[in-house]
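Everything below belongs to work_19.cif, which stores mmCIF, C-alpha atoms.
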```
data_input
loop_
_atom_site.label_atom_id
_atom_site.label_comp_id
_atom_site.auth_asym_id
_atom_site.auth_seq_id
_atom_site.Cartn_x
_atom_site.Cartn_y
_atom_site.Cartn_z
CA MET A 1 -14.65 68.75 -96.51
CA ALA A 2 -16.79 71.18 -98.54
CA ASP A 3 -16.78 68.71 -101.41
CA ASP A 4 -17.80 65.96 -99.03
CA ILE A 5 -20.68 68.06 -97.80
CA ARG A 6 -21.79 68.83 -101.33
CA ALA A 7 -21.61 65.16 -102.32
CA LEU A 8 -23.46 64.03 -99.21
CA SER A 9 -26.12 66.71 -99.69
CA ALA A 10 -26.64 65.53 -103.25
CA GLN A 11 -26.94 61.93 -102.09
CA LEU A 12 -29.48 62.89 -99.47
CA ALA A 13 -31.48 64.95 -101.94
CA GLN A 14 -31.58 61.95 -104.25
CA ASP A 15 -32.72 59.57 -101.53
CA PRO A 16 -34.20 61.46 -98.55
CA GLN A 17 -34.92 58.16 -96.73
CA SER A 18 -31.28 57.09 -96.76
CA LEU A 19 -29.06 57.15 -93.68
CA VAL A 20 -26.58 59.43 -95.40
CA PHE A 21 -27.98 62.26 -93.27
CA LEU A 22 -25.86 60.85 -90.41
CA ARG A 23 -22.64 61.50 -92.32
CA LEU A 24 -23.83 64.85 -93.62
CA GLY A 25 -24.93 66.05 -90.18
CA GLU A 26 -21.61 64.97 -88.67
CA ALA A 27 -19.62 66.63 -91.46
CA LEU A 28 -21.54 69.88 -90.94
CA ARG A 29 -21.05 69.63 -87.17
CA ARG A 30 -17.33 69.15 -87.56
CA LYS A 31 -17.23 72.15 -89.86
CA GLY A 32 -18.99 74.21 -87.22
CA GLN A 33 -22.13 74.72 -89.31
CA LEU A 34 -24.29 73.85 -86.36
CA ASP A 35 -27.60 75.26 -87.56
CA ALA A 36 -27.32 73.38 -90.84
CA ALA A 37 -26.23 70.24 -88.97
CA MET A 38 -29.21 70.65 -86.68
CA ARG A 39 -31.65 70.88 -89.61
CA VAL A 40 -30.18 67.73 -91.15
CA ALA A 41 -30.34 65.85 -87.84
CA VAL A 42 -33.91 66.93 -87.08
CA ASN A 43 -35.10 65.97 -90.56
CA GLY A 44 -33.32 62.65 -90.21
CA LEU A 45 -34.91 62.02 -86.85
CA GLU A 46 -38.34 62.72 -88.26
CA ARG A 47 -37.78 59.97 -90.80
CA HIS A 48 -35.89 57.60 -88.49
CA PRO A 49 -37.21 58.22 -84.97
CA HIS A 50 -35.97 54.87 -83.64
CA LEU A 51 -32.43 55.17 -84.94
CA ALA A 52 -30.03 55.48 -82.02
CA ASP A 53 -27.29 57.01 -84.19
CA ALA A 54 -29.65 59.82 -85.21
CA HIS A 55 -30.29 60.70 -81.57
CA ASP A 56 -26.55 60.47 -80.92
CA LEU A 57 -25.80 62.87 -83.78
CA TYR A 58 -28.43 65.32 -82.59
CA ALA A 59 -27.05 65.12 -79.03
CA ARG A 60 -23.54 65.95 -80.24
CA ILE A 61 -24.84 68.97 -82.13
CA LEU A 62 -26.82 70.11 -79.08
CA THR A 63 -23.70 69.69 -76.95
CA ASP A 64 -21.75 71.85 -79.38
CA LYS A 65 -24.50 74.43 -78.97
CA ARG A 66 -24.17 74.10 -75.16
CA ASP A 67 -27.76 72.86 -74.88
CA TYR A 68 -26.80 70.15 -72.41
CA GLU A 69 -30.28 69.42 -71.11
CA ARG A 70 -31.65 68.47 -74.50
CA ALA A 71 -28.41 66.69 -75.37
CA PHE A 72 -28.89 64.55 -72.27
CA ASP A 73 -32.44 63.67 -73.37
CA GLU A 74 -31.20 62.67 -76.83
CA TRP A 75 -28.35 60.48 -75.55
CA ASP A 76 -30.71 58.99 -73.01
CA MET A 77 -33.10 58.14 -75.85
CA ALA A 78 -30.24 56.64 -77.89
CA VAL A 79 -29.33 54.35 -74.99
CA ARG A 80 -32.96 53.33 -74.52
CA ILE A 81 -33.12 52.33 -78.17
CA ALA A 82 -29.66 50.73 -78.25
CA PRO A 83 -28.38 50.03 -74.73
CA HIS A 84 -24.87 49.29 -76.04
CA HIS A 85 -24.47 52.50 -78.02
CA THR A 86 -21.02 53.55 -76.89
CA GLY A 87 -21.25 57.03 -78.37
CA ALA A 88 -24.33 57.78 -76.32
CA LEU A 89 -22.87 56.15 -73.20
CA LYS A 90 -19.78 58.33 -73.50
CA GLY A 91 -21.89 61.39 -74.17
CA LEU A 92 -23.94 60.73 -71.03
CA ALA A 93 -20.72 60.20 -69.07
CA PHE A 94 -19.49 63.59 -70.25
CA LEU A 95 -22.72 65.30 -69.17
CA TYR A 96 -22.81 63.54 -65.79
CA PHE A 97 -19.26 64.66 -65.15
CA LYS A 98 -20.25 68.17 -66.10
CA VAL A 99 -22.90 68.30 -63.36
CA GLY A 100 -20.50 66.77 -60.85
CA ASP A 101 -21.91 63.24 -60.76
CA VAL A 102 -18.59 61.45 -61.16
CA ALA A 103 -19.96 58.07 -60.07
CA GLN A 104 -22.60 58.06 -62.83
CA ALA A 105 -20.06 59.36 -65.33
CA GLU A 106 -17.67 56.55 -64.52
CA ALA A 107 -20.46 53.96 -64.52
CA HIS A 108 -21.43 54.98 -68.05
CA LEU A 109 -17.82 54.85 -69.23
CA GLU A 110 -17.40 51.42 -67.67
CA GLN A 111 -20.51 50.31 -69.52
CA ALA A 112 -19.03 51.64 -72.76
CA ARG A 113 -15.74 49.85 -72.02
CA LYS A 114 -17.60 46.55 -71.68
CA VAL A 115 -18.97 47.06 -75.18
CA GLU A 116 -15.71 48.28 -76.71
CA PRO A 117 -12.86 47.04 -74.52
CA ASP A 118 -10.24 48.01 -77.11
CA ASP A 119 -11.24 51.66 -77.38
CA PRO A 120 -8.36 53.65 -75.86
CA SER A 121 -10.41 56.84 -75.63
CA ILE A 122 -12.60 55.25 -72.94
CA ASP A 123 -9.62 54.38 -70.73
CA GLN A 124 -8.27 57.85 -71.34
CA ALA A 125 -11.56 59.48 -70.32
CA ILE A 126 -11.80 57.32 -67.17
CA ALA A 127 -8.22 58.20 -66.22
CA MET A 128 -8.91 61.92 -66.73
CA MET A 129 -12.04 61.75 -64.60
CA ARG A 130 -10.23 59.98 -61.78
CA LYS A 131 -7.70 62.79 -61.79
CA GLY A 132 -10.58 65.23 -61.50
CA THR A 133 -10.11 66.56 -65.02
CA ALA A 134 -13.09 66.82 -67.30
CA PRO A 135 -12.88 64.51 -70.28
CA PRO A 136 -12.84 66.31 -73.62
CA ALA A 137 -16.18 67.81 -74.53
CA PRO A 138 -17.78 66.43 -77.63
CA THR A 139 -17.30 69.59 -79.63
CA VAL A 140 -16.09 70.31 -83.12
CA ASP A 141 -12.69 71.26 -81.79
CA SER A 142 -12.15 67.99 -79.95
CA SER A 143 -9.91 65.52 -81.62
CA SER A 144 -11.86 62.48 -82.61
CA ALA A 145 -9.66 60.21 -80.51
CA ALA A 146 -10.32 62.10 -77.32
CA SER A 147 -13.95 62.95 -77.79
CA PRO A 148 -16.32 61.07 -75.53
CA THR A 149 -18.61 60.61 -78.50
CA ALA A 150 -15.99 59.57 -80.98
CA ALA A 151 -16.62 55.85 -80.74
CA SER A 152 -20.04 56.12 -82.31
CA SER A 153 -18.30 57.47 -85.41
CA THR A 154 -21.53 57.58 -87.35
CA ALA A 155 -19.92 59.69 -90.01
CA GLN A 156 -17.22 57.18 -90.78
CA ALA A 157 -18.09 53.69 -89.71
CA PRO A 158 -21.51 52.42 -88.76
CA GLN A 159 -20.41 50.52 -85.68
CA GLY A 160 -23.12 51.48 -83.21
CA SER A 161 -25.67 48.84 -82.48
CA GLY A 162 -28.48 51.28 -83.27
CA PHE A 163 -27.19 51.64 -86.79
CA ASP A 164 -27.09 47.91 -87.32
CA GLU A 165 -30.55 47.50 -85.88
CA ALA A 166 -31.92 50.03 -88.30
CA ARG A 167 -30.23 48.23 -91.18
CA VAL A 168 -32.05 44.96 -90.49
CA PHE A 169 -35.16 46.23 -92.20
CA ALA A 170 -33.65 49.02 -94.32
CA GLY A 171 -35.67 49.58 -97.46
CA LEU A 172 -38.77 47.79 -96.19
CA GLU A 173 -42.12 49.58 -96.08
CA GLY A 174 -42.37 51.18 -92.63
CA ALA A 175 -38.89 49.95 -91.72
CA ASN A 176 -38.56 52.35 -88.82
CA GLU A 177 -41.64 51.44 -86.86
CA GLY A 178 -43.56 48.43 -85.72
CA LEU A 179 -40.87 45.87 -86.49
CA LEU A 180 -39.13 43.97 -83.76
CA LEU A 181 -36.62 41.14 -83.98
CA ILE A 182 -35.81 39.23 -80.79
CA ASP A 183 -33.90 36.12 -79.83
CA GLY A 184 -35.33 33.12 -77.99
CA ALA A 185 -34.60 34.70 -74.62
CA GLY A 186 -36.54 37.86 -75.42
CA ARG A 187 -33.46 39.99 -76.11
CA VAL A 188 -33.88 42.66 -78.77
CA LEU A 189 -31.83 42.05 -81.91
CA GLY A 190 -33.26 44.85 -84.01
CA GLY A 191 -36.16 47.21 -84.56
CA ALA A 192 -38.25 49.07 -82.03
CA LEU A 193 -41.85 49.49 -80.96
CA GLN A 194 -43.83 52.39 -79.60
CA ASP A 195 -47.35 52.25 -78.25
CA GLN A 196 -50.05 54.70 -79.35
CA ALA A 197 -48.94 57.24 -76.75
CA GLY A 198 -45.44 57.19 -78.24
CA THR A 199 -43.90 55.34 -75.30
CA ASP A 200 -41.09 52.96 -76.15
CA VAL A 201 -42.41 49.47 -75.39
CA THR A 202 -39.69 47.50 -77.16
CA ASP A 203 -38.27 45.72 -74.13
CA THR A 204 -41.65 45.00 -72.54
CA VAL A 205 -43.07 43.43 -75.69
CA ALA A 206 -39.84 41.50 -76.28
CA ALA A 207 -40.03 40.08 -72.76
CA TYR A 208 -43.63 38.96 -73.23
CA LEU A 209 -42.80 37.32 -76.53
CA ALA A 210 -39.91 35.29 -75.16
CA GLY A 211 -40.78 31.65 -75.47
CA VAL A 212 -43.65 32.18 -77.91
CA SER A 213 -41.63 30.53 -80.66
CA GLN A 214 -41.13 27.33 -78.67
CA GLU A 215 -44.74 27.34 -77.53
CA ALA A 216 -46.07 27.81 -81.06
CA ALA A 217 -43.78 25.01 -82.24
CA ARG A 218 -45.01 22.68 -79.48
CA THR A 219 -48.66 23.46 -80.25
CA ALA A 220 -48.25 22.86 -83.97
CA LYS A 221 -46.33 19.63 -83.31
CA LEU A 222 -48.94 18.33 -80.88
CA LEU A 223 -51.65 18.94 -83.44
CA GLY A 224 -49.62 17.10 -86.07
CA LEU A 225 -49.50 20.27 -88.15
CA GLY A 226 -45.75 20.20 -88.84
CA ALA A 227 -43.61 23.28 -88.40
CA TRP A 228 -45.32 26.57 -87.57
CA MET A 229 -44.88 29.30 -90.14
CA GLY A 230 -46.53 32.35 -88.65
CA LEU A 231 -49.08 33.70 -86.25
CA SER A 232 -51.45 36.48 -87.23
CA ALA A 233 -53.56 38.33 -84.71
CA GLU A 234 -56.22 40.94 -85.04
CA GLY A 235 -56.34 43.39 -82.11
CA GLN A 236 -58.85 46.03 -81.11
CA HIS A 237 -56.55 48.82 -82.27
CA GLY A 238 -53.98 47.08 -84.44
CA ASN A 239 -52.90 43.89 -86.13
CA VAL A 240 -49.76 41.88 -85.53
CA HIS A 241 -47.91 39.09 -87.28
CA LEU A 242 -45.27 36.85 -85.74
CA ALA A 243 -42.79 34.85 -87.75
CA HIS A 244 -39.53 33.06 -87.04
CA PRO A 245 -36.67 33.91 -89.39
CA THR A 246 -34.58 31.23 -87.63
CA PRO A 247 -35.70 28.56 -85.14
CA GLU A 248 -34.60 30.77 -82.22
CA ALA A 249 -35.38 34.27 -83.45
CA LEU A 250 -38.84 35.81 -83.53
CA LEU A 251 -40.01 38.67 -85.67
CA LEU A 252 -42.99 40.81 -84.74
CA VAL A 253 -44.67 43.15 -87.19
CA VAL A 254 -47.25 45.57 -85.80
CA ARG A 255 -49.51 47.72 -87.94
CA ASP A 256 -52.75 49.59 -87.36
CA ARG A 257 -56.07 47.96 -88.15
CA GLY A 258 -56.09 49.63 -91.55
CA MET A 259 -53.66 47.00 -92.79
CA PRO A 260 -55.55 43.72 -93.34
CA LEU A 261 -54.04 40.52 -91.93
CA GLY A 262 -53.33 39.15 -95.42
CA ARG A 263 -51.30 42.18 -96.44
CA LEU A 264 -49.60 42.19 -93.09
CA ALA A 265 -48.55 38.57 -93.68
CA ILE A 266 -46.97 39.56 -97.01
CA LEU A 267 -45.07 42.41 -95.35
CA ALA A 268 -43.98 40.03 -92.60
CA GLN A 269 -42.68 37.55 -95.17
CA ARG A 270 -40.46 40.25 -96.64
CA ALA A 271 -39.27 41.35 -93.22
CA THR A 272 -38.59 37.72 -92.31
CA ALA A 273 -36.40 37.24 -95.37
CA MET A 274 -34.46 40.41 -94.55
CA ALA A 275 -34.07 39.44 -90.91
CA ARG A 276 -32.85 35.97 -91.91
CA ARG A 277 -30.20 37.46 -94.22
CA TRP A 278 -29.16 39.91 -91.52
CA LEU A 279 -28.90 37.16 -88.89
CA GLU A 280 -26.80 35.03 -91.22
CA GLN A 281 -24.39 37.93 -91.69
CA GLN A 282 -23.91 38.44 -87.97
CA MET B 1 -72.69 24.56 -76.43
CA SER B 2 -72.46 21.65 -78.79
CA LYS B 3 -74.73 23.52 -81.22
CA THR B 4 -72.44 26.52 -80.99
CA LEU B 5 -69.42 24.44 -81.88
CA ASP B 6 -71.41 23.01 -84.81
CA LEU B 7 -71.24 26.49 -86.36
CA VAL B 8 -67.51 26.05 -86.58
CA THR B 9 -67.10 22.36 -87.34
CA ARG B 10 -69.51 22.44 -90.26
CA VAL B 11 -67.05 24.60 -92.19
CA ARG B 12 -65.22 22.47 -94.73
CA GLY B 13 -61.64 21.74 -93.63
CA VAL B 14 -62.25 22.22 -89.90
CA ARG B 15 -61.06 19.15 -87.96
CA GLY B 16 -62.45 20.18 -84.62
CA ALA B 17 -63.55 22.95 -82.33
CA MET B 18 -63.29 23.53 -78.60
CA LEU B 19 -64.32 25.89 -75.85
CA VAL B 20 -61.39 26.36 -73.53
CA SER B 21 -61.09 28.08 -70.18
CA ALA B 22 -58.59 30.91 -70.79
CA GLU B 23 -57.44 30.93 -67.19
CA ASP B 24 -56.50 27.29 -66.66
CA GLY B 25 -56.48 25.88 -70.18
CA LEU B 26 -59.10 23.22 -69.45
CA VAL B 27 -61.55 21.99 -72.07
CA ILE B 28 -65.12 23.17 -71.49
CA ALA B 29 -66.64 21.59 -74.58
CA GLU B 30 -65.20 19.91 -77.64
CA GLN B 31 -66.04 18.45 -81.02
CA LEU B 32 -62.85 16.97 -82.31
CA MET B 33 -61.91 14.43 -84.96
CA GLU B 34 -60.08 11.30 -83.85
CA GLY B 35 -56.44 11.77 -83.02
CA ILE B 36 -56.56 15.35 -81.79
CA LYS B 37 -55.39 15.55 -78.19
CA GLY B 38 -57.99 18.02 -76.91
CA PRO B 39 -56.70 18.63 -73.36
CA ALA B 40 -53.11 19.19 -74.47
CA VAL B 41 -54.09 21.47 -77.32
CA ALA B 42 -56.38 23.41 -74.98
CA ALA B 43 -53.58 23.92 -72.47
CA LEU B 44 -51.12 25.14 -75.07
CA ALA B 45 -53.67 27.34 -76.84
CA ALA B 46 -54.54 29.02 -73.53
CA SER B 47 -50.88 29.54 -72.70
CA LEU B 48 -50.14 30.97 -76.14
CA ALA B 49 -53.23 33.19 -75.90
CA GLY B 50 -52.02 34.55 -72.57
CA ARG B 51 -48.58 35.45 -73.89
CA LEU B 52 -50.07 37.02 -76.99
CA ARG B 53 -52.59 39.04 -74.99
CA ARG B 54 -49.87 40.51 -72.78
CA ALA B 55 -47.60 41.29 -75.72
CA MET B 56 -50.40 42.89 -77.73
CA GLU B 57 -51.60 44.99 -74.81
CA ALA B 58 -48.03 46.19 -74.26
CA ALA B 59 -47.65 46.97 -77.96
CA GLY B 60 -50.78 49.14 -77.81
CA THR B 61 -52.86 47.07 -80.22
CA GLY B 62 -55.42 46.19 -77.55
CA VAL B 63 -56.49 42.64 -76.82
CA ALA B 64 -56.67 40.12 -79.64
CA VAL B 65 -60.10 39.56 -81.13
CA PHE B 66 -58.90 36.75 -83.39
CA TRP B 67 -55.61 34.97 -84.03
CA HIS B 68 -54.42 32.04 -86.04
CA LEU B 69 -51.30 29.97 -85.95
CA GLN B 70 -50.31 28.85 -89.43
CA ALA B 71 -48.36 25.64 -89.82
CA GLU B 72 -47.23 23.49 -92.74
CA GLN B 73 -50.11 21.07 -92.45
CA GLY B 74 -52.88 23.11 -90.91
CA ALA B 75 -53.85 25.93 -88.63
CA LEU B 76 -55.08 26.68 -85.15
CA LEU B 77 -57.64 29.48 -85.08
CA VAL B 78 -58.73 31.21 -81.89
CA VAL B 79 -61.23 33.85 -80.80
CA PRO B 80 -60.50 34.93 -77.23
CA GLY B 81 -63.34 36.17 -75.06
CA THR B 82 -63.93 36.93 -71.40
CA GLY B 83 -62.51 33.95 -69.58
CA MET B 84 -62.87 31.60 -72.54
CA LEU B 85 -61.39 30.81 -75.92
CA VAL B 86 -63.19 29.42 -78.93
CA VAL B 87 -60.65 27.27 -80.76
CA ALA B 88 -60.70 25.56 -84.14
CA VAL B 89 -58.21 23.14 -85.66
CA ALA B 90 -58.21 23.22 -89.44
CA GLU B 91 -56.68 21.78 -92.59
CA PRO B 92 -54.11 23.93 -94.42
CA ASP B 93 -56.47 24.81 -97.28
CA VAL B 94 -59.37 25.92 -95.05
CA ASN B 95 -61.14 29.19 -95.74
CA ILE B 96 -59.65 31.20 -92.89
CA GLY B 97 -62.06 34.09 -93.38
CA LEU B 98 -65.08 31.81 -93.06
CA VAL B 99 -63.76 30.02 -89.98
CA ARG B 100 -63.03 33.41 -88.42
CA LEU B 101 -66.61 34.51 -88.97
CA GLU B 102 -68.03 31.31 -87.48
CA LEU B 103 -65.66 31.51 -84.51
CA LEU B 104 -66.79 35.08 -83.86
CA ARG B 105 -70.44 34.00 -84.08
CA ALA B 106 -69.79 31.11 -81.75
CA ALA B 107 -68.00 33.37 -79.31
CA GLU B 108 -70.88 35.81 -79.39
CA ALA B 109 -73.26 32.98 -78.53
CA VAL B 110 -71.34 31.54 -75.61
CA LEU B 111 -69.10 34.22 -74.14
#
```
For the structure just supplied, provide its representation as structure tokens.
Amino acid sequence: MADDIRALSAQLAQDPQSLVFLRLGEALRRKGQLDAAMRVAVNGLERHPHLADAHDLYARILTDKRDYERAFDEWDMAVRIAPHHTGALKGLAFLYFKVGDVAQAEAHLEQARKVEPDDPSIDQAIAMMRKGTAPPAPTVDSSSAASPTAASSTAQAPQGSGFDEARVFAGLEGANEGLLLIDGAGRVLGGALQDQAGTDVTDTVAAYLAGVSQEAARTAKLLGLGAWMGLSAEGQHGNVHLAHPTPEALLLVVRDRGMPLGRLAILAQRATAMARRWLEQQ
Amino acid sequence: MSKTLDLVTRVRGVRGAMLVSAEDGLVIAEQLMEGIKGPAVAALAASLAGRLRRAMEAAGTGVAVFWHLQAEQGALLVVPGTGMLVVAVAEPDVNIGLVRLELLRAAEAVL
């Protein structure tokens, strides 16, 4: 374990932008080095504020420190970013049970079960709750199989949807902000958006953009312009570029007005290529 | 209004220009080359402009002051204003920057 921590620390030092902080933070948490784990998680969150797994990690550390209120906020944030994040759903279930809201606790576990029907720890936690027993707390001492947060397993396997979403644009300039990939029905496939006040506007923007792809295609066709390739727009406070990595998917890139439309189009081209590769792999 | 649209259509590569009601997508004035279906384009441009406006406001970028749809064989360029859109249809090799400037000037004159 100590060797793992050393190796992971070295990796992180070499590439501070990498997601290895998730594994390092989890390793430190499991070792009980909570203050160190906390520093790693907070630094990671500063670099990847829209990464659901980072919020999940931080929540688990806060839970170990018995700071349940902040842990709730972090898991809540993780679920807002990635509604199917089972680790966060299980964490919230644990905290709801702790304050006596069994109905909410069970609802969150049921939600997690829909995402991961084969995860035995969810059935186990539901059964324990129904018997009136608290499910295992997500602490260092909990066995990974019984922990409500175990399914996120950020340290071992990047299975959470938040992790995958972050990977869509990994390595791209500004990969963690202002990039949104949606399907034709306006469902978020990856990325996240915040407005200037820092409010998460991902779902709202995605909903408004639903159907834009078809409408742009119809307009271009009607004008005899062939297939549409992109849509650039200059706003009062920021610029946006829309592209379609596949006929159904739509990619939105948002940047402040400091980035000219031409440069934004180049960035969008790169993001489009990455999104296309990612979609093909799914 | 025709003079205003002249500002836009005189740019090399522009195939037509229109003033469109943003609310109902109806053509207010047009100067289009043969073959361009003005009313249909106006309706779709207004609809697209509406979606884009809502999405951009939600994203915190404020309302669009200019947008252009790029396609394989040309582009649709739009300057939205209060209740109206100034729209240009252009060839693929058009000087986008110049059309943008003329659209903004036209919008200033009529909106």
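Between Gly224 of chain A and the candidates B:Ala43, B:Ile96, B:Ala75, B:Val65, the tightest atom-to-atom separation, counting all atoms listed in the file, involves B:Ala75.
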Distance filter 10 Å, all atoms listed in the file, chain A against chain B, as a VMD selection string | chain A and resid 178 193 to 213 215 to 243 254 to 257 261
Can you write out the residues you just picked, keeping C-alpha atoms, as an mmCIF file, in the coordinates of the input?
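Printed below is selection09.cif as written:
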```
data_model
loop_
_atom_site.group_PDB
_atom_site.id
_atom_site.type_symbol
_atom_site.label_atom_id
_atom_site.label_comp_id
_atom_site.auth_asym_id
_atom_site.auth_seq_id
_atom_site.Cartn_x
_atom_site.Cartn_y
_atom_site.Cartn_z
ATOM 1 C CA GLY A 178 -43.560 48.430 -85.720
ATOM 2 C CA LEU A 193 -41.850 49.490 -80.960
ATOM 3 C CA GLN A 194 -43.830 52.390 -79.600
ATOM 4 C CA ASP A 195 -47.350 52.250 -78.250
ATOM 5 C CA GLN A 196 -50.050 54.700 -79.350
ATOM 6 C CA ALA A 197 -48.940 57.240 -76.750
ATOM 7 C CA GLY A 198 -45.440 57.190 -78.240
ATOM 8 C CA THR A 199 -43.900 55.340 -75.300
ATOM 9 C CA ASP A 200 -41.090 52.960 -76.150
ATOM 10 C CA VAL A 201 -42.410 49.470 -75.390
ATOM 11 C CA THR A 202 -39.690 47.500 -77.160
ATOM 12 C CA ASP A 203 -38.270 45.720 -74.130
ATOM 13 C CA THR A 204 -41.650 45.000 -72.540
ATOM 14 C CA VAL A 205 -43.070 43.430 -75.690
ATOM 15 C CA ALA A 206 -39.840 41.500 -76.280
ATOM 16 C CA ALA A 207 -40.030 40.080 -72.760
ATOM 17 C CA TYR A 208 -43.630 38.960 -73.230
ATOM 18 C CA LEU A 209 -42.800 37.320 -76.530
ATOM 19 C CA ALA A 210 -39.910 35.290 -75.160
ATOM 20 C CA GLY A 211 -40.780 31.650 -75.470
ATOM 21 C CA VAL A 212 -43.650 32.180 -77.910
ATOM 22 C CA SER A 213 -41.630 30.530 -80.660
ATOM 23 C CA GLU A 215 -44.740 27.340 -77.530
ATOM 24 C CA ALA A 216 -46.070 27.810 -81.060
ATOM 25 C CA ALA A 217 -43.780 25.010 -82.240
ATOM 26 C CA ARG A 218 -45.010 22.680 -79.480
ATOM 27 C CA THR A 219 -48.660 23.460 -80.250
ATOM 28 C CA ALA A 220 -48.250 22.860 -83.970
ATOM 29 C CA LYS A 221 -46.330 19.630 -83.310
ATOM 30 C CA LEU A 222 -48.940 18.330 -80.880
ATOM 31 C CA LEU A 223 -51.650 18.940 -83.440
ATOM 32 C CA GLY A 224 -49.620 17.100 -86.070
ATOM 33 C CA LEU A 225 -49.500 20.270 -88.150
ATOM 34 C CA GLY A 226 -45.750 20.200 -88.840
ATOM 35 C CA ALA A 227 -43.610 23.280 -88.400
ATOM 36 C CA TRP A 228 -45.320 26.570 -87.570
ATOM 37 C CA MET A 229 -44.880 29.300 -90.140
ATOM 38 C CA GLY A 230 -46.530 32.350 -88.650
ATOM 39 C CA LEU A 231 -49.080 33.700 -86.250
ATOM 40 C CA SER A 232 -51.450 36.480 -87.230
ATOM 41 C CA ALA A 233 -53.560 38.330 -84.710
ATOM 42 C CA GLU A 234 -56.220 40.940 -85.040
ATOM 43 C CA GLY A 235 -56.340 43.390 -82.110
ATOM 44 C CA GLN A 236 -58.850 46.030 -81.110
ATOM 45 C CA HIS A 237 -56.550 48.820 -82.270
ATOM 46 C CA GLY A 238 -53.980 47.080 -84.440
ATOM 47 C CA ASN A 239 -52.900 43.890 -86.130
ATOM 48 C CA VAL A 240 -49.760 41.880 -85.530
ATOM 49 C CA HIS A 241 -47.910 39.090 -87.280
ATOM 50 C CA LEU A 242 -45.270 36.850 -85.740
ATOM 51 C CA ALA A 243 -42.790 34.850 -87.750
ATOM 52 C CA VAL A 254 -47.250 45.570 -85.800
ATOM 53 C CA ARG A 255 -49.510 47.720 -87.940
ATOM 54 C CA ASP A 256 -52.750 49.590 -87.360
ATOM 55 C CA ARG A 257 -56.070 47.960 -88.150
ATOM 56 C CA LEU A 261 -54.040 40.520 -91.930
#
```
Give as a ChimeraX atom specification the residues that the PyMOL selection byres ((chain B and resi 5) around 8) matches when applied to the coordinates above.
-> /B:1-4,6-9,17-18,30-31,106
Is it possible to get the residues within 12 Å of (-17.4, 59.3, -61.1) (coordinates as in the file, counting all atoms listed in the file) written as a PDB file with C-alpha atoms, keeping the file's coordinate frame?
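selection_2.pdb was written with the following content:
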```pdb
ATOM      1  CA  LEU A  92     -23.940  60.730 -71.030  1.00  0.00           C
ATOM      2  CA  ALA A  93     -20.720  60.200 -69.070  1.00  0.00           C
ATOM      3  CA  PHE A  94     -19.490  63.590 -70.250  1.00  0.00           C
ATOM      4  CA  LEU A  95     -22.720  65.300 -69.170  1.00  0.00           C
ATOM      5  CA  TYR A  96     -22.810  63.540 -65.790  1.00  0.00           C
ATOM      6  CA  PHE A  97     -19.260  64.660 -65.150  1.00  0.00           C
ATOM      7  CA  LYS A  98     -20.250  68.170 -66.100  1.00  0.00           C
ATOM      8  CA  VAL A  99     -22.900  68.300 -63.360  1.00  0.00           C
ATOM      9  CA  GLY A 100     -20.500  66.770 -60.850  1.00  0.00           C
ATOM     10  CA  ASP A 101     -21.910  63.240 -60.760  1.00  0.00           C
ATOM     11  CA  VAL A 102     -18.590  61.450 -61.160  1.00  0.00           C
ATOM     12  CA  ALA A 103     -19.960  58.070 -60.070  1.00  0.00           C
ATOM     13  CA  GLN A 104     -22.600  58.060 -62.830  1.00  0.00           C
ATOM     14  CA  ALA A 105     -20.060  59.360 -65.330  1.00  0.00           C
ATOM     15  CA  GLU A 106     -17.670  56.550 -64.520  1.00  0.00           C
ATOM     16  CA  ALA A 107     -20.460  53.960 -64.520  1.00  0.00           C
ATOM     17  CA  HIS A 108     -21.430  54.980 -68.050  1.00  0.00           C
ATOM     18  CA  LEU A 109     -17.820  54.850 -69.230  1.00  0.00           C
ATOM     19  CA  GLU A 110     -17.400  51.420 -67.670  1.00  0.00           C
ATOM     20  CA  ALA A 125     -11.560  59.480 -70.320  1.00  0.00           C
ATOM     21  CA  ILE A 126     -11.800  57.320 -67.170  1.00  0.00           C
ATOM     22  CA  ALA A 127      -8.220  58.200 -66.220  1.00  0.00           C
ATOM     23  CA  MET A 128      -8.910  61.920 -66.730  1.00  0.00           C
ATOM     24  CA  MET A 129     -12.040  61.750 -64.600  1.00  0.00           C
ATOM     25  CA  ARG A 130     -10.230  59.980 -61.780  1.00  0.00           C
ATOM     26  CA  LYS A 131      -7.700  62.790 -61.790  1.00  0.00           C
ATOM     27  CA  GLY A 132     -10.580  65.230 -61.500  1.00  0.00           C
ATOM     28  CA  THR A 133     -10.110  66.560 -65.020  1.00  0.00           C
ATOM     29  CA  ALA A 134     -13.090  66.820 -67.300  1.00  0.00           C
ATOM     30  CA  PRO A 135     -12.880  64.510 -70.280  1.00  0.00           C
TER      31      PRO A 135
END
```
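Interatomic distance, atom CA of Gly13 of chain B against atom CA of Val94 of chain B: 5.0 Å.
When atom CA of Gly190 of chain A is paired with atom CA of Pro245 of chain A, their separation reads 12.7 Å.
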